[in-house]
file structure-v8.txt (compact mmCIF, N, CA and C atoms)
# COMPACT_ATOMS: atom_id res chain seq x y z
N MET A 24 -21.23 57.33 22.94
CA MET A 24 -22.43 56.58 23.20
C MET A 24 -23.20 56.39 21.88
N LEU A 25 -23.72 55.20 21.69
CA LEU A 25 -24.44 54.89 20.46
C LEU A 25 -25.87 55.40 20.53
N ASN A 26 -26.29 56.06 19.48
CA ASN A 26 -27.70 56.45 19.44
C ASN A 26 -28.49 55.29 18.82
N ALA A 27 -29.79 55.41 18.79
CA ALA A 27 -30.65 54.32 18.32
C ALA A 27 -30.40 54.00 16.85
N PHE A 28 -30.13 55.01 16.02
CA PHE A 28 -29.87 54.77 14.60
C PHE A 28 -28.62 53.92 14.39
N LYS A 29 -27.53 54.26 15.07
CA LYS A 29 -26.28 53.51 14.93
C LYS A 29 -26.45 52.09 15.47
N ALA A 30 -27.17 51.92 16.53
CA ALA A 30 -27.38 50.60 17.11
C ALA A 30 -28.12 49.70 16.12
N ARG A 31 -29.17 50.26 15.46
CA ARG A 31 -29.89 49.47 14.46
C ARG A 31 -29.02 49.17 13.25
N TRP A 32 -28.20 50.13 12.87
CA TRP A 32 -27.30 49.97 11.73
C TRP A 32 -26.31 48.83 11.98
N LEU A 33 -25.84 48.67 13.19
CA LEU A 33 -24.92 47.60 13.53
C LEU A 33 -25.63 46.26 13.71
N ALA A 34 -26.87 46.29 14.14
CA ALA A 34 -27.59 45.05 14.42
C ALA A 34 -27.90 44.26 13.15
N TRP A 35 -28.30 44.92 12.07
CA TRP A 35 -28.66 44.21 10.84
C TRP A 35 -27.51 43.41 10.24
N PRO A 36 -26.31 43.99 10.09
CA PRO A 36 -25.21 43.17 9.56
C PRO A 36 -24.87 41.99 10.46
N LEU A 37 -24.92 42.21 11.76
CA LEU A 37 -24.62 41.10 12.68
C LEU A 37 -25.67 40.00 12.57
N LEU A 38 -26.93 40.40 12.45
CA LEU A 38 -28.00 39.42 12.28
C LEU A 38 -27.83 38.67 10.96
N ALA A 39 -27.50 39.39 9.91
CA ALA A 39 -27.30 38.75 8.61
C ALA A 39 -26.14 37.76 8.65
N LEU A 40 -25.05 38.13 9.29
CA LEU A 40 -23.91 37.21 9.41
C LEU A 40 -24.29 35.97 10.21
N ALA A 41 -25.03 36.16 11.28
CA ALA A 41 -25.43 35.02 12.10
C ALA A 41 -26.33 34.07 11.31
N LEU A 42 -27.32 34.62 10.59
CA LEU A 42 -28.21 33.77 9.80
C LEU A 42 -27.49 33.09 8.65
N THR A 43 -26.61 33.82 7.99
CA THR A 43 -25.86 33.23 6.87
C THR A 43 -24.98 32.10 7.37
N GLY A 44 -24.34 32.30 8.49
CA GLY A 44 -23.49 31.25 9.05
C GLY A 44 -24.29 30.03 9.41
N CYS A 45 -25.45 30.24 10.01
CA CYS A 45 -26.30 29.11 10.39
C CYS A 45 -26.80 28.38 9.15
N LEU A 46 -27.33 29.14 8.19
CA LEU A 46 -27.84 28.50 6.97
C LEU A 46 -26.70 27.85 6.18
N GLY A 47 -25.56 28.52 6.13
CA GLY A 47 -24.41 27.97 5.42
C GLY A 47 -23.97 26.65 6.03
N THR A 48 -23.95 26.60 7.35
CA THR A 48 -23.55 25.37 8.02
C THR A 48 -24.56 24.26 7.72
N CYS A 49 -25.84 24.58 7.78
CA CYS A 49 -26.86 23.56 7.49
C CYS A 49 -26.75 23.07 6.05
N CYS A 50 -26.60 24.00 5.12
CA CYS A 50 -26.50 23.62 3.71
C CYS A 50 -25.22 22.83 3.44
N CYS A 51 -24.12 23.30 4.00
CA CYS A 51 -22.86 22.60 3.77
C CYS A 51 -22.88 21.23 4.41
N TRP A 52 -23.49 21.10 5.58
CA TRP A 52 -23.54 19.80 6.23
C TRP A 52 -24.26 18.79 5.34
N ASN A 53 -25.36 19.22 4.71
CA ASN A 53 -26.08 18.32 3.81
C ASN A 53 -25.27 18.01 2.56
N TRP A 54 -24.48 18.97 2.10
CA TRP A 54 -23.68 18.76 0.90
C TRP A 54 -22.47 17.89 1.19
N ILE A 55 -21.75 18.19 2.27
CA ILE A 55 -20.55 17.42 2.62
C ILE A 55 -20.94 16.07 3.19
N GLY A 56 -21.93 16.07 4.02
CA GLY A 56 -22.38 14.83 4.64
C GLY A 56 -21.59 14.52 5.90
N PRO A 57 -22.06 13.59 6.68
CA PRO A 57 -21.36 13.22 7.91
C PRO A 57 -20.10 12.42 7.60
N SER A 58 -19.30 12.18 8.62
CA SER A 58 -18.10 11.38 8.46
C SER A 58 -18.47 9.98 7.98
N PRO A 59 -17.51 9.27 7.37
CA PRO A 59 -17.84 8.00 6.73
C PRO A 59 -18.40 6.93 7.66
N GLY A 60 -18.00 6.91 8.90
CA GLY A 60 -18.53 5.91 9.82
C GLY A 60 -18.26 4.49 9.37
N LEU A 61 -16.99 4.18 9.13
CA LEU A 61 -16.61 2.83 8.70
C LEU A 61 -16.90 1.81 9.80
N ALA A 62 -17.14 0.60 9.40
CA ALA A 62 -17.32 -0.52 10.32
C ALA A 62 -16.20 -1.52 10.06
N ALA A 63 -16.01 -2.44 10.98
CA ALA A 63 -14.97 -3.46 10.84
C ALA A 63 -15.15 -4.24 9.53
N GLU A 64 -16.39 -4.45 9.12
CA GLU A 64 -16.66 -5.19 7.88
C GLU A 64 -16.10 -4.46 6.66
N ASP A 65 -16.05 -3.13 6.72
CA ASP A 65 -15.54 -2.36 5.59
C ASP A 65 -14.05 -2.58 5.35
N LEU A 66 -13.31 -2.85 6.42
CA LEU A 66 -11.86 -3.02 6.30
C LEU A 66 -11.42 -4.47 6.38
N SER A 67 -12.32 -5.37 6.76
CA SER A 67 -11.91 -6.76 6.92
C SER A 67 -11.50 -7.37 5.58
N GLY A 68 -10.60 -8.35 5.68
CA GLY A 68 -10.10 -9.02 4.50
C GLY A 68 -8.61 -8.79 4.35
N ASP A 69 -8.09 -9.17 3.20
CA ASP A 69 -6.66 -9.08 2.94
C ASP A 69 -6.27 -7.73 2.35
N TRP A 70 -5.07 -7.28 2.76
CA TRP A 70 -4.45 -6.07 2.25
C TRP A 70 -3.01 -6.39 1.90
N ASP A 71 -2.53 -5.91 0.77
CA ASP A 71 -1.11 -6.07 0.43
C ASP A 71 -0.31 -4.99 1.14
N GLY A 72 0.83 -5.40 1.69
CA GLY A 72 1.72 -4.45 2.35
C GLY A 72 2.34 -3.49 1.36
N PRO A 73 2.85 -2.36 1.83
CA PRO A 73 3.43 -1.35 0.94
C PRO A 73 4.55 -1.88 0.06
N PHE A 74 5.38 -2.79 0.59
CA PHE A 74 6.49 -3.35 -0.18
C PHE A 74 6.50 -4.87 -0.08
N GLY A 75 5.31 -5.47 -0.04
CA GLY A 75 5.20 -6.92 0.01
C GLY A 75 4.57 -7.41 1.30
N GLY A 76 4.15 -8.66 1.29
CA GLY A 76 3.51 -9.27 2.45
C GLY A 76 2.02 -8.99 2.46
N THR A 77 1.31 -9.58 3.43
CA THR A 77 -0.13 -9.38 3.54
C THR A 77 -0.54 -9.05 4.96
N LEU A 78 -1.59 -8.27 5.06
CA LEU A 78 -2.23 -7.94 6.33
C LEU A 78 -3.66 -8.42 6.21
N ASN A 79 -4.09 -9.28 7.15
CA ASN A 79 -5.47 -9.77 7.15
C ASN A 79 -6.17 -9.20 8.38
N LEU A 80 -7.20 -8.39 8.12
CA LEU A 80 -8.01 -7.83 9.19
C LEU A 80 -9.30 -8.62 9.27
N ARG A 81 -9.64 -9.07 10.47
CA ARG A 81 -10.87 -9.85 10.66
C ARG A 81 -11.90 -9.02 11.43
N THR A 82 -13.17 -9.31 11.19
CA THR A 82 -14.25 -8.54 11.82
C THR A 82 -14.31 -8.73 13.33
N ASP A 83 -13.68 -9.78 13.85
CA ASP A 83 -13.68 -9.98 15.29
C ASP A 83 -12.63 -9.11 16.00
N GLY A 84 -11.93 -8.24 15.24
CA GLY A 84 -10.97 -7.33 15.84
C GLY A 84 -9.56 -7.90 15.94
N THR A 85 -9.29 -9.00 15.27
CA THR A 85 -7.93 -9.55 15.27
C THR A 85 -7.32 -9.38 13.88
N TYR A 86 -5.99 -9.41 13.85
CA TYR A 86 -5.29 -9.30 12.57
C TYR A 86 -4.11 -10.25 12.53
N THR A 87 -3.69 -10.56 11.32
CA THR A 87 -2.47 -11.33 11.09
C THR A 87 -1.67 -10.60 10.03
N MET A 88 -0.42 -10.35 10.33
CA MET A 88 0.49 -9.70 9.39
C MET A 88 1.57 -10.71 9.03
N ARG A 89 1.74 -10.96 7.73
CA ARG A 89 2.71 -11.95 7.27
C ARG A 89 3.70 -11.31 6.31
N ASP A 90 4.95 -11.25 6.73
CA ASP A 90 6.06 -10.77 5.90
C ASP A 90 5.80 -9.40 5.27
N VAL A 91 5.20 -8.51 6.02
CA VAL A 91 4.92 -7.15 5.52
C VAL A 91 6.17 -6.29 5.66
N VAL A 92 6.57 -5.68 4.57
CA VAL A 92 7.69 -4.73 4.59
C VAL A 92 7.07 -3.33 4.60
N LEU A 93 7.27 -2.64 5.70
CA LEU A 93 6.71 -1.30 5.86
C LEU A 93 7.60 -0.26 5.20
N CYS A 94 7.15 0.98 5.19
CA CYS A 94 7.91 2.07 4.59
C CYS A 94 9.06 2.50 5.51
N GLY A 95 10.05 3.09 4.89
CA GLY A 95 11.19 3.62 5.64
C GLY A 95 10.95 5.05 6.04
N GLU A 96 11.90 5.93 5.74
CA GLU A 96 11.81 7.33 6.11
C GLU A 96 10.77 8.10 5.31
N SER A 97 10.33 7.55 4.19
CA SER A 97 9.29 8.19 3.40
C SER A 97 8.35 7.10 2.90
N GLY A 98 7.25 7.52 2.30
CA GLY A 98 6.29 6.56 1.75
C GLY A 98 6.77 5.92 0.46
N ARG A 99 7.91 6.36 -0.04
CA ARG A 99 8.41 5.85 -1.32
C ARG A 99 9.61 4.92 -1.18
N GLU A 100 10.10 4.76 0.03
CA GLU A 100 11.26 3.89 0.20
C GLU A 100 10.96 2.74 1.14
N ARG A 101 11.59 1.64 0.86
CA ARG A 101 11.41 0.40 1.61
C ARG A 101 12.01 0.54 3.01
N GLY A 102 11.29 -0.01 3.98
CA GLY A 102 11.77 0.01 5.35
C GLY A 102 12.71 -1.14 5.64
N GLY A 103 12.71 -1.61 6.85
CA GLY A 103 13.61 -2.68 7.28
C GLY A 103 13.14 -4.06 6.90
N SER A 104 13.36 -4.99 7.80
CA SER A 104 13.02 -6.40 7.57
C SER A 104 11.51 -6.62 7.56
N PRO A 105 11.08 -7.71 6.90
CA PRO A 105 9.65 -8.04 6.89
C PRO A 105 9.14 -8.28 8.32
N VAL A 106 7.90 -7.88 8.55
CA VAL A 106 7.27 -8.00 9.87
C VAL A 106 6.17 -9.04 9.81
N SER A 107 6.16 -9.96 10.79
CA SER A 107 5.08 -10.94 10.93
C SER A 107 4.63 -10.93 12.38
N ARG A 108 3.34 -10.78 12.59
CA ARG A 108 2.79 -10.78 13.96
C ARG A 108 1.28 -10.91 13.90
N GLU A 109 0.70 -11.16 15.06
CA GLU A 109 -0.75 -11.22 15.20
C GLU A 109 -1.13 -10.34 16.37
N GLY A 110 -2.37 -9.88 16.37
CA GLY A 110 -2.82 -9.04 17.47
C GLY A 110 -4.24 -8.59 17.26
N THR A 111 -4.58 -7.47 17.90
CA THR A 111 -5.93 -6.92 17.79
C THR A 111 -5.89 -5.53 17.16
N TRP A 112 -7.00 -5.17 16.56
CA TRP A 112 -7.15 -3.85 15.96
C TRP A 112 -8.56 -3.34 16.21
N ARG A 113 -8.72 -2.02 16.12
CA ARG A 113 -10.06 -1.43 16.26
C ARG A 113 -10.11 -0.10 15.52
N LEU A 114 -11.32 0.28 15.17
CA LEU A 114 -11.57 1.57 14.54
C LEU A 114 -11.95 2.59 15.60
N ALA A 115 -11.45 3.80 15.47
CA ALA A 115 -11.87 4.88 16.35
C ALA A 115 -13.23 5.38 15.89
N GLU A 116 -13.89 6.12 16.74
CA GLU A 116 -15.14 6.76 16.36
C GLU A 116 -14.86 7.76 15.25
N PRO A 117 -15.76 7.92 14.28
CA PRO A 117 -15.53 8.91 13.23
C PRO A 117 -15.47 10.32 13.80
N ALA A 118 -14.58 11.13 13.25
CA ALA A 118 -14.44 12.51 13.68
C ALA A 118 -15.35 13.40 12.83
N PHE A 119 -15.76 14.52 13.39
CA PHE A 119 -16.67 15.45 12.71
C PHE A 119 -16.03 16.00 11.44
N LEU A 120 -16.71 15.81 10.30
CA LEU A 120 -16.30 16.34 8.99
C LEU A 120 -14.88 15.95 8.59
N THR A 121 -14.44 14.76 8.97
CA THR A 121 -13.12 14.27 8.59
C THR A 121 -13.30 13.06 7.69
N PRO A 122 -12.63 13.04 6.53
CA PRO A 122 -12.82 11.93 5.61
C PRO A 122 -12.10 10.64 6.03
N THR A 123 -11.23 10.73 7.03
CA THR A 123 -10.50 9.55 7.49
C THR A 123 -10.98 9.14 8.87
N GLN A 124 -10.73 7.87 9.19
CA GLN A 124 -11.07 7.33 10.49
C GLN A 124 -9.86 6.58 11.02
N ALA A 125 -9.44 6.87 12.23
CA ALA A 125 -8.24 6.26 12.79
C ALA A 125 -8.43 4.76 13.00
N VAL A 126 -7.35 4.01 12.77
CA VAL A 126 -7.31 2.57 12.99
C VAL A 126 -6.21 2.31 14.01
N TYR A 127 -6.54 1.64 15.11
CA TYR A 127 -5.56 1.38 16.17
C TYR A 127 -5.16 -0.09 16.19
N PHE A 128 -3.86 -0.32 16.23
CA PHE A 128 -3.30 -1.66 16.38
C PHE A 128 -2.68 -1.75 17.77
N ASP A 129 -2.60 -2.97 18.29
CA ASP A 129 -2.06 -3.14 19.63
C ASP A 129 -0.54 -3.04 19.70
N GLU A 130 0.11 -3.04 18.58
CA GLU A 130 1.57 -2.99 18.53
C GLU A 130 2.05 -1.60 18.15
N SER A 131 2.80 -0.97 19.02
CA SER A 131 3.27 0.38 18.71
C SER A 131 4.27 0.38 17.56
N GLU A 132 4.93 -0.75 17.30
CA GLU A 132 5.89 -0.83 16.21
C GLU A 132 5.23 -0.70 14.84
N LEU A 133 3.91 -0.85 14.79
CA LEU A 133 3.21 -0.78 13.52
C LEU A 133 3.00 0.65 13.05
N GLY A 134 3.38 1.60 13.83
CA GLY A 134 3.18 3.00 13.48
C GLY A 134 2.18 3.63 14.43
N THR A 135 2.12 4.91 14.43
CA THR A 135 1.26 5.58 15.39
C THR A 135 0.01 6.18 14.78
N SER A 136 -0.02 6.38 13.49
CA SER A 136 -1.13 7.11 12.89
C SER A 136 -1.71 6.38 11.68
N TYR A 137 -2.33 5.25 11.91
CA TYR A 137 -3.02 4.54 10.83
C TYR A 137 -4.40 5.17 10.64
N ALA A 138 -4.86 5.16 9.39
CA ALA A 138 -6.19 5.70 9.10
C ALA A 138 -6.78 4.97 7.90
N ALA A 139 -8.08 5.10 7.76
CA ALA A 139 -8.78 4.48 6.63
C ALA A 139 -9.82 5.47 6.11
N THR A 140 -10.18 5.29 4.85
CA THR A 140 -11.25 6.10 4.27
C THR A 140 -12.29 5.17 3.66
N SER A 141 -13.44 5.73 3.33
CA SER A 141 -14.53 4.91 2.81
C SER A 141 -14.28 4.40 1.40
N ASP A 142 -13.24 4.87 0.74
CA ASP A 142 -12.96 4.41 -0.63
C ASP A 142 -11.86 3.34 -0.65
N ASP A 143 -11.88 2.44 0.33
CA ASP A 143 -10.95 1.31 0.40
C ASP A 143 -9.49 1.77 0.43
N ASN A 144 -9.17 2.62 1.34
CA ASN A 144 -7.83 3.16 1.46
C ASN A 144 -7.38 2.98 2.91
N LEU A 145 -6.32 2.23 3.13
CA LEU A 145 -5.74 2.03 4.45
C LEU A 145 -4.30 2.51 4.37
N PHE A 146 -3.91 3.40 5.26
CA PHE A 146 -2.58 3.99 5.18
C PHE A 146 -2.10 4.42 6.55
N TYR A 147 -0.83 4.78 6.64
CA TYR A 147 -0.33 5.42 7.84
C TYR A 147 0.64 6.52 7.45
N TYR A 148 0.75 7.47 8.37
CA TYR A 148 1.62 8.62 8.13
C TYR A 148 3.06 8.23 8.43
N VAL A 149 3.97 8.70 7.59
CA VAL A 149 5.39 8.44 7.78
C VAL A 149 6.04 9.77 8.14
N GLY A 150 6.78 9.78 9.23
CA GLY A 150 7.45 11.02 9.63
C GLY A 150 6.47 12.05 10.15
N ASP A 151 6.71 13.28 9.82
CA ASP A 151 5.91 14.40 10.28
C ASP A 151 4.56 14.42 9.56
N ARG A 152 3.46 14.49 10.30
CA ARG A 152 2.12 14.48 9.69
C ARG A 152 1.90 15.68 8.79
N ASP A 153 2.62 16.76 9.03
CA ASP A 153 2.47 17.94 8.18
C ASP A 153 3.07 17.73 6.80
N SER A 154 3.97 16.75 6.65
CA SER A 154 4.58 16.50 5.34
C SER A 154 3.65 15.72 4.42
N VAL A 155 2.61 15.14 4.97
CA VAL A 155 1.62 14.35 4.23
C VAL A 155 2.29 13.25 3.42
N ASP A 156 3.25 12.58 4.01
CA ASP A 156 3.90 11.43 3.38
C ASP A 156 3.19 10.19 3.91
N LEU A 157 2.54 9.45 3.01
CA LEU A 157 1.72 8.32 3.41
C LEU A 157 2.30 7.01 2.89
N CYS A 158 2.08 5.96 3.64
CA CYS A 158 2.47 4.61 3.26
C CYS A 158 1.18 3.81 3.15
N HIS A 159 0.88 3.30 1.96
CA HIS A 159 -0.42 2.69 1.68
C HIS A 159 -0.41 1.18 1.68
N PHE A 160 -1.47 0.60 2.22
CA PHE A 160 -1.81 -0.81 2.04
C PHE A 160 -2.86 -0.82 0.93
N THR A 161 -2.85 -1.84 0.09
CA THR A 161 -3.81 -1.91 -1.01
C THR A 161 -4.52 -3.25 -1.01
N ARG A 162 -5.68 -3.29 -1.60
CA ARG A 162 -6.41 -4.56 -1.74
C ARG A 162 -5.75 -5.37 -2.86
N PRO A 163 -5.64 -6.69 -2.68
CA PRO A 163 -5.02 -7.51 -3.72
C PRO A 163 -5.83 -7.46 -5.02
N GLY A 164 -5.11 -7.63 -6.10
CA GLY A 164 -5.75 -7.73 -7.40
C GLY A 164 -5.90 -6.44 -8.03

call {"tool": "encode", "arguments": {"input": "structure-v8.txt", "output": "structure tokens"}}
result
Amino acid sequence: MLNAFKARWLAWPLLALALTGCLGTCCCWNWIGPSPGLAAEDLSGDWDGPFGGTLNLRTDGTYTMRDVVLCGESGRERGGSPVSREGTWRLAEPAFLTPTQAVYFDESELGTSYAATSDDNLFYYVGDRDSVDLCHFTRPG
């Protein structure tokens, strides 16, 4: 059974940990900042495909892909034949403390894990997401 001295001795470290965690979270949140919260305007415009072709994203949620050659088994090798199609796209809601924001296309053939960041980076994961092999679209010029 705990006596009053031991109970107080245990309470102070627990209180200190709780306060430090709370203050640390508040301070870190201000330092890290919220998720980027991209809008369609941030990604709209032309993007060069990883191995040629263009992807045009429009603010109305539609896209046109012309002769885009996607990545193969890795982000460094060329995939199959050029892809041309039109469809719709949308941004997912920003996730808590995540620097990327998911981008969804209506065509499953376009890949399953597209993402964008606030520094003009549009990419998708190739293969296993744990391998961090990315296939990038870039802005022309």

call {"tool": "axis_aligned_box", "arguments": {"input": "structure-v8.txt", "around": "region 70-73 of chain A", "padding_each_side": "5 Å", "output": "AutoDock Vina command-line options"}}
result
--center_x -0.3 --center_y -4.3 --center_z 1.4 --size_x 19.6 --size_y 15.9 --size_z 12.7

call {"tool": "residues_around", "arguments": {"input": "structure-v8.txt", "residues": "Thr82 (chain A)", "least_positions_apart": "3", "cutoff": "6 Å", "atoms": "all atoms listed in the file", "output": "PyMOL selection string"}}
result
chain A and resi 63-64+67+85

call {"tool": "closest_residue", "arguments": {"input": "structure-v8.txt", "among": "A:Pro105, A:Gly150, A:Gly60, A:Gly84", "to": "Gly72 (chain A)", "atoms": "only C-alpha atoms"}}
result
A:Pro105

call {"tool": "closest_residue", "arguments": {"input": "structure-v8.txt", "among": "A:Arg113, A:Arg89, A:Arg101, A:Arg162", "to": "Thr77 (chain A)", "atoms": "only N, CA and C atoms"}}
result
A:Arg89

call {"tool": "closest_residue", "arguments": {"input": "structure-v8.txt", "among": "A:Phe74, A:Thr123, A:Ala62, A:Ser107", "to": "Tyr86 (chain A)", "atoms": "only C-alpha atoms"}}
result
A:Ser107

call {"tool": "residues_around", "arguments": {"input": "structure-v8.txt", "residues": "Asp69 (chain A)", "least_positions_apart": "4", "cutoff": "6 Å", "atoms": "only N, CA and C atoms", "output": "number ranges by chain"}}
result
A: 78-80, 161-163

call {"tool": "atom_distance", "arguments": {"input": "structure-v8.txt", "atom1": "atom N of Gly76 (chain A)", "atom2": "CA of Val92 (chain A)"}}
result
6.2 Å

call {"tool": "residues_around", "arguments": {"input": "structure-v8.txt", "residues": "region 136-147 of chain A", "least_positions_apart": "4", "cutoff": "5 Å", "atoms": "all atoms listed in the file", "output": "list in words"}}
result
Pro122, Thr123, Gln124, Ala125, Val126, Leu157, Cys158, His159 and Phe160 of chain A

call {"tool": "decode", "arguments": {"input": "structure-v8.txt", "residues": "region 83-113 of chain A", "atoms": "C-alpha atoms", "output": "mmCIF file, in the first residue's frame"}}
result
data_model
loop_
_atom_site.group_PDB
_atom_site.id
_atom_site.type_symbol
_atom_site.label_atom_id
_atom_site.label_comp_id
_atom_site.auth_asym_id
_atom_site.auth_seq_id
_atom_site.Cartn_x
_atom_site.Cartn_y
_atom_site.Cartn_z
ATOM 1 C CA ASP A 83 -12.786 22.368 -62.500
ATOM 2 C CA GLY A 84 -11.590 18.878 -61.483
ATOM 3 C CA THR A 85 -10.938 17.500 -64.973
ATOM 4 C CA TYR A 86 -7.665 16.366 -66.489
ATOM 5 C CA THR A 87 -6.196 15.470 -69.858
ATOM 6 C CA MET A 88 -3.265 13.104 -70.191
ATOM 7 C CA ARG A 89 -1.476 13.058 -73.554
ATOM 8 C CA ASP A 90 1.128 10.421 -74.414
ATOM 9 C CA VAL A 91 2.350 10.084 -70.825
ATOM 10 C CA VAL A 92 4.813 7.253 -70.269
ATOM 11 C CA LEU A 93 4.545 6.168 -66.649
ATOM 12 C CA CYS A 94 7.167 4.382 -64.561
ATOM 13 C CA GLY A 95 7.707 0.654 -64.688
ATOM 14 C CA GLU A 96 8.718 -1.519 -61.741
ATOM 15 C CA SER A 97 10.695 1.338 -60.198
ATOM 16 C CA GLY A 98 10.750 5.129 -60.383
ATOM 17 C CA ARG A 99 13.880 4.945 -62.529
ATOM 18 C CA GLU A 100 12.689 2.747 -65.360
ATOM 19 C CA ARG A 101 10.296 3.419 -68.189
ATOM 20 C CA GLY A 102 6.920 1.715 -68.100
ATOM 21 C CA GLY A 103 4.829 0.469 -70.999
ATOM 22 C CA SER A 104 3.145 2.300 -73.843
ATOM 23 C CA PRO A 105 2.208 5.989 -73.693
ATOM 24 C CA VAL A 106 -1.137 6.680 -72.008
ATOM 25 C CA SER A 107 -3.713 9.196 -73.271
ATOM 26 C CA ARG A 108 -7.042 9.747 -71.521
ATOM 27 C CA GLU A 109 -9.341 12.304 -69.953
ATOM 28 C CA GLY A 110 -11.243 12.199 -66.701
ATOM 29 C CA THR A 111 -11.722 13.780 -63.306
ATOM 30 C CA TRP A 112 -9.411 14.324 -60.369
ATOM 31 C CA ARG A 113 -9.714 15.628 -56.819
#
